[in-house]
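Student: So that you have it, the file is protein-v6.txt, and it contains compact mmCIF, C-alpha atoms:
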```
# COMPACT_ATOMS: atom_id res chain seq x y z
CA MET A 1 81.00 79.50 33.56
CA VAL A 2 83.81 79.75 30.98
CA LYS A 3 82.57 83.18 29.88
CA ASN A 4 82.43 84.32 33.52
CA ASN A 5 86.03 83.16 34.12
CA LYS A 6 87.16 84.89 30.93
CA GLU A 7 85.50 88.14 32.04
CA LYS A 8 87.16 87.85 35.46
CA GLY A 9 90.51 87.30 33.74
CA ILE A 10 90.02 90.36 31.54
CA LYS A 11 89.11 92.46 34.59
CA LYS A 12 92.10 91.23 36.59
CA ARG A 13 94.44 91.90 33.65
CA LYS A 14 93.04 95.45 33.40
CA ILE A 15 93.53 95.99 37.15
CA ILE A 16 97.16 94.85 36.84
CA ILE A 17 97.81 97.08 33.84
CA ASP A 18 96.14 100.12 35.43
CA HIS A 19 98.18 99.66 38.61
CA ALA A 20 101.39 99.23 36.61
CA LYS A 21 100.65 102.44 34.64
CA ASN A 22 100.30 104.38 37.89
CA GLU A 23 103.55 102.88 39.18
CA LEU A 24 105.30 103.86 35.94
CA LEU A 25 104.09 107.44 36.17
CA ILE A 26 105.10 107.77 39.81
CA HIS A 27 108.31 105.73 40.01
CA GLY A 28 109.47 105.03 36.43
CA VAL A 29 110.31 101.84 34.59
CA SER A 30 113.34 100.84 36.65
CA SER A 31 111.26 100.74 39.85
CA LEU A 32 108.46 98.67 38.29
CA SER A 33 108.44 95.25 39.93
CA LEU A 34 106.08 92.32 39.37
CA ARG A 35 106.55 91.28 43.02
CA LYS A 36 105.57 94.75 44.24
CA ILE A 37 102.53 94.82 41.94
CA SER A 38 101.37 91.41 43.18
CA ALA A 39 101.85 92.53 46.81
CA ASP A 40 100.07 95.85 46.20
CA LEU A 41 97.12 94.12 44.56
CA GLY A 42 96.98 91.22 47.02
CA ILE A 43 97.43 88.53 44.40
CA SER A 44 100.03 85.80 44.35
CA HIS A 45 103.19 86.29 42.33
CA GLY A 46 102.33 83.08 40.42
CA ASN A 47 98.91 84.45 39.54
CA LEU A 48 100.48 87.64 38.22
CA HIS A 49 102.88 85.51 36.14
CA TYR A 50 99.86 83.83 34.56
CA TYR A 51 99.02 87.19 32.98
CA PHE A 52 102.53 88.58 32.47
CA LYS A 53 105.56 86.29 32.36
CA THR A 54 108.04 89.13 32.77
CA LYS A 55 108.20 92.85 33.37
CA ASP A 56 109.05 93.26 29.67
CA HIS A 57 105.82 91.48 28.70
CA LEU A 58 103.86 93.80 30.97
CA LEU A 59 105.55 96.88 29.52
CA SER A 60 104.98 95.66 25.99
CA ASP A 61 101.27 95.07 26.65
CA ILE A 62 100.88 98.47 28.30
CA PHE A 63 102.51 100.36 25.46
CA ASN A 64 100.86 98.29 22.73
CA ALA A 65 97.47 99.13 24.22
CA GLU A 66 98.36 102.82 24.48
CA ILE A 67 99.68 103.06 20.92
CA ASN A 68 96.62 101.20 19.66
CA LYS A 69 94.38 103.83 21.30
CA LEU A 70 96.33 106.62 19.63
CA ASN A 71 96.28 104.80 16.29
CA LYS A 72 92.53 104.21 16.50
CA SER A 73 92.03 107.89 17.18
CA ILE A 74 94.14 108.75 14.10
CA ALA A 75 92.26 106.27 11.91
CA ASN A 76 88.90 107.77 12.97
CA SER A 77 89.96 111.39 12.53
CA THR A 78 88.84 111.97 8.97
CA ASN A 79 85.67 112.02 6.88
CA GLU A 80 85.70 110.72 3.32
CA LYS A 81 83.33 113.51 2.24
CA ALA A 82 85.55 116.31 3.56
CA SER A 83 88.21 118.14 1.55
CA VAL A 84 91.91 117.36 1.78
CA GLN A 85 92.42 120.57 3.78
CA LYS A 86 89.61 119.83 6.26
CA ASN A 87 90.76 116.24 6.74
CA ALA A 88 94.36 117.36 7.26
CA GLU A 89 93.16 119.90 9.86
CA SER A 90 91.07 117.20 11.57
CA LEU A 91 93.99 114.77 11.65
CA VAL A 92 96.34 117.38 13.10
CA SER A 93 93.75 118.42 15.68
CA THR A 94 93.37 114.77 16.72
CA ILE A 95 97.11 114.20 16.97
CA LEU A 96 97.62 117.34 19.05
CA SER A 97 94.63 116.52 21.27
CA ASP A 98 95.95 113.01 21.89
CA ILE A 99 99.06 114.56 23.41
CA TYR A 100 97.07 115.36 26.52
CA GLU A 101 96.17 111.69 27.03
CA PRO A 102 97.93 109.80 29.86
CA SER A 103 99.57 107.67 27.15
CA ILE A 104 101.93 110.52 26.35
CA SER A 105 103.13 110.82 29.95
CA LEU A 106 103.76 107.07 29.91
CA TRP A 107 105.58 107.45 26.60
CA LEU A 108 107.86 110.15 28.03
CA VAL A 109 108.65 107.89 31.01
CA LEU A 110 109.57 105.10 28.60
CA VAL A 111 111.75 107.35 26.45
CA GLY A 112 113.54 108.74 29.51
CA GLU A 113 114.21 105.27 30.91
CA SER A 114 115.44 103.93 27.58
CA ILE A 115 118.63 105.95 27.94
CA THR A 116 119.85 103.38 30.46
CA ASN A 117 117.80 100.35 29.37
CA LYS A 118 118.62 98.83 25.98
CA LYS A 119 115.56 96.54 26.05
CA LEU A 120 113.29 99.56 26.00
CA ILE A 121 114.90 100.95 22.86
CA GLU A 122 113.48 98.08 20.79
CA LEU A 123 110.03 98.64 22.30
CA ILE A 124 110.20 102.36 21.41
CA LYS A 125 111.36 101.55 17.89
CA ASN A 126 108.50 99.09 17.35
CA GLU A 127 105.87 101.46 18.75
CA ASN A 128 107.17 104.36 16.63
CA THR A 129 107.15 102.18 13.51
CA LEU A 130 103.55 101.15 14.15
CA TYR A 131 102.46 104.74 14.85
CA GLU A 132 104.21 105.99 11.69
CA ALA A 133 102.59 103.24 9.58
CA VAL A 134 99.09 104.17 10.78
CA LEU A 135 99.77 107.89 10.42
CA GLY A 136 101.32 107.39 6.98
CA ASN A 137 98.28 105.39 5.87
CA GLN A 138 95.95 108.13 7.09
CA ILE A 139 98.01 110.75 5.25
CA ARG A 140 97.61 108.74 2.01
CA ILE A 141 93.85 108.47 2.61
CA ILE A 142 93.66 112.24 3.01
CA ASN A 143 95.95 113.13 0.12
CA SER A 144 96.06 110.41 -2.54
CA GLU A 145 98.77 112.29 -4.46
CA ILE A 146 101.34 111.39 -1.79
CA SER A 147 103.32 108.22 -2.46
CA GLU A 148 103.60 105.51 0.18
CA LYS A 149 107.30 106.27 0.69
CA LYS A 150 106.67 110.01 1.08
CA SER A 151 103.76 109.43 3.46
CA ILE A 152 106.00 107.39 5.77
CA HIS A 153 108.65 110.14 5.65
CA LEU A 154 105.97 112.72 6.48
CA ALA A 155 104.68 110.51 9.30
CA LYS A 156 108.20 110.26 10.75
CA ILE A 157 108.69 114.05 10.50
CA ILE A 158 105.32 114.65 12.16
CA ARG A 159 106.08 112.12 14.90
CA CYS A 160 109.39 113.86 15.59
CA LEU A 161 107.64 117.24 15.77
CA ILE A 162 105.04 115.79 18.13
CA ASP A 163 107.70 114.15 20.32
CA GLY A 164 109.45 117.52 20.62
CA TYR A 165 106.13 119.20 21.37
CA CYS A 166 105.50 116.68 24.17
CA ILE A 167 108.83 117.58 25.72
CA GLU A 168 107.97 121.28 25.38
CA LEU A 169 104.78 120.65 27.35
CA ILE A 170 106.80 119.55 30.37
CA TYR A 171 107.97 123.09 31.05
CA ALA A 172 105.93 125.37 28.80
CA GLU A 173 103.46 127.91 30.10
CA THR A 174 100.60 126.46 28.09
CA ASN A 175 98.16 129.23 29.01
CA SER A 176 100.43 131.98 27.73
CA LYS A 177 99.71 133.92 24.55
CA LYS A 178 103.18 133.01 23.24
CA PHE A 179 102.51 129.30 23.65
CA ARG A 180 99.05 129.48 22.06
CA GLN A 181 100.63 131.21 19.06
CA PHE A 182 103.26 128.50 18.86
CA TYR A 183 100.51 125.85 18.95
CA LYS A 184 98.71 127.54 16.03
CA VAL A 185 101.91 127.74 13.97
CA LEU A 186 102.75 124.09 14.67
CA SER A 187 99.23 123.01 13.78
CA ARG A 188 99.26 125.04 10.56
CA TYR A 189 102.71 123.75 9.59
CA ILE A 190 101.77 120.08 10.03
CA THR A 191 98.48 120.62 8.18
CA GLU A 192 100.39 122.15 5.26
CA LEU A 193 102.82 119.23 5.22
CA ILE A 194 99.90 116.87 4.75
CA SER A 195 97.67 118.85 2.42
CA SER A 196 100.19 120.44 0.07
CA SER A 197 102.63 117.61 -0.52
```
Turn the structure described in the file into structure tokens.
Tutor:
Amino acid sequence: MVKNNKEKGIKKRKIIIDHAKNELLIHGVSSLSLRKISADLGISHGNLHYYFKTKDHLLSDIFNAEINKLNKSIANSTNEKASVQKNAESLVSTILSDIYEPSISLWLVLVGESITNKKLIELIKNENTLYEAVLGNQIRIINSEISEKKSIHLAKIIRCLIDGYCIELIYAETNSKKFRQFYKVLSRYITELISSS
């Protein structure tokens, strides 16, 4: 019985989070309302508060889950038997592939909304720090000659490049020859940062 209730709770939490993600993508952070979510899902406001005390808690859980997915993908991107070059290429391919995940659209919504919402700035800072730590660790696994300090700097540089690339994707003609060439250059540049440092 306890296990069944726990499973129901996990399912309900997932339903709430999935609905909130859709709301974020359609209406943005400022329009996200716990009352609206509870009404949309046909659950009481009190029941929703059992899972998420505030909108900030809901946002934090959404973005923690999304960054954890990206970080897991980074951590699983390499093979200990492969060369530094091959592992760097694999890591870069993974990072650039992850950009097409819904998490990135959510991330862009969060970044855009943070301009007018100071609470979101701290969430962005924490998520970026976590992402950079995981990426920096993976860089050190790939290239053991890189110091911990340098790997974190590289991770920050790569994250900034990727953030800019995500913004580029909003308006870029991704099927064009010019864009495909840009993608190759970006990929090669990041790979070189990792493998030759």
Student: Considering all atoms listed in the file, can you say which of A:Val185, A:Ser97, A:Ile17, A:Leu108 comes closest to A:Glu168?
Tutor: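 Smallest distance to A:Glu168 is found for A:Leu108.
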Student: Figure out the distance between atom CA of A:Leu110 and atom CA of A:Glu7, please, to one decimal in Å.
Tutor: 29.6 Å
Student: Between A:Leu41, A:Leu48, A:Val109, A:Leu135, which residue has the minimum interatomic distance to A:Ile158, considering all atoms listed in the file?
Tutor: A:Leu135
Student: Pick from A:Tyr183, A:Asn4, A:Ala20, A:Phe63: nearest to A:Leu120, with only C-alpha atoms counted?
Tutor: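 Of A:Tyr183, A:Asn4, A:Ala20, A:Phe63, the one nearest A:Leu120, counting only C-alpha atoms, is A:Phe63.
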Student: Could you jot down the atom CA of A:Asn87 to atom CA of A:Lys149 separation for me, Å, one decimal place?
Tutor: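 Taking atom CA of A:Asn87 and atom CA of A:Lys149, their separation equals 20.2 Å.
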Student: Can you tell me which residues surround A:Tyr131 at a distance of at most 10 Å, considering only C-alpha atoms, apart from same-chain residues fewer than 6 positions away, and format the answer as a list of chain:residue names?
Tutor: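 Residues near the query, excluding close chain neighbours: A:Ile67, A:Asn68, A:Leu70, A:Asn71, A:Ile74, A:Lys125, A:Asn137, A:Ala155, A:Lys156, A:Arg159.
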Student: Contacts of A:Asn79 at 10 Å or less, counting all atoms listed in the file, minus same-chain residues fewer than 3 places along, as a list of chain:residue names?
Tutor: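 The contact residues come out as A:Asn76, A:Ala82, A:Ser83, A:Val84, A:Lys86, A:Asn87, A:Ser90, A:Leu91, A:Ile141, A:Ile142.
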Student: So which one's closest to A:Ala65, A:Ile115, A:Ala39, A:Leu34, A:Leu130? Using all atoms listed in the file, please.
Tutor: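 Closest residue, counting all atoms listed in the file: A:Leu130.
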Student: Between A:His19, A:Lys36, A:Gln85, A:Ser105, which residue has the minimum interatomic distance to A:Cys166, considering all atoms listed in the file?
Tutor: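 Answer, going by the shortest atom-to-atom distance: A:Ser105.
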Student: In Å, rounded to a single decimal, give me how far atom CA of A:Ser30 is from atom CA of A:Cys160.
Tutor: 25.1 Å
Student: How close does stretch 36-148 of chain A get to stretch 188-197 of chain A? List, as a Markdown table, each residue of stretch 36-148 of chain A within 7 Å, its nearest atom pair and the distance in Å to one decimal, counting all atoms listed in the file.
Tutor:
```
| residue | atom | partner | partner_atom | distance |
| --- | --- | --- | --- | --- |
| A:Val84 | CA | A:Ser195 | CA | 6.0 |
| A:Gln85 | CA | A:Ser195 | CA | 5.7 |
| A:Ala88 | CA | A:Thr191 | CA | 5.3 |
| A:Glu89 | CA | A:Thr191 | CA | 5.6 |
| A:Val92 | CA | A:Thr191 | CA | 6.3 |
| A:Ile139 | CA | A:Ile194 | CA | 6.4 |
| A:Asn143 | CA | A:Ser195 | CA | 6.4 |
| A:Ile146 | CA | A:Ser197 | CA | 6.5 |
```
Student: Around all of stretch 186-191 of chain A's listed atoms, make the axis-aligned box with 4 Å on each side and tell me centre and edge lengths in Å to one decimal, as AutoDock Vina command-line options.
Tutor:
```
--center_x 100.6 --center_y 122.6 --center_z 11.4 --size_x 12.3 --size_y 13.0 --size_z 14.5
```
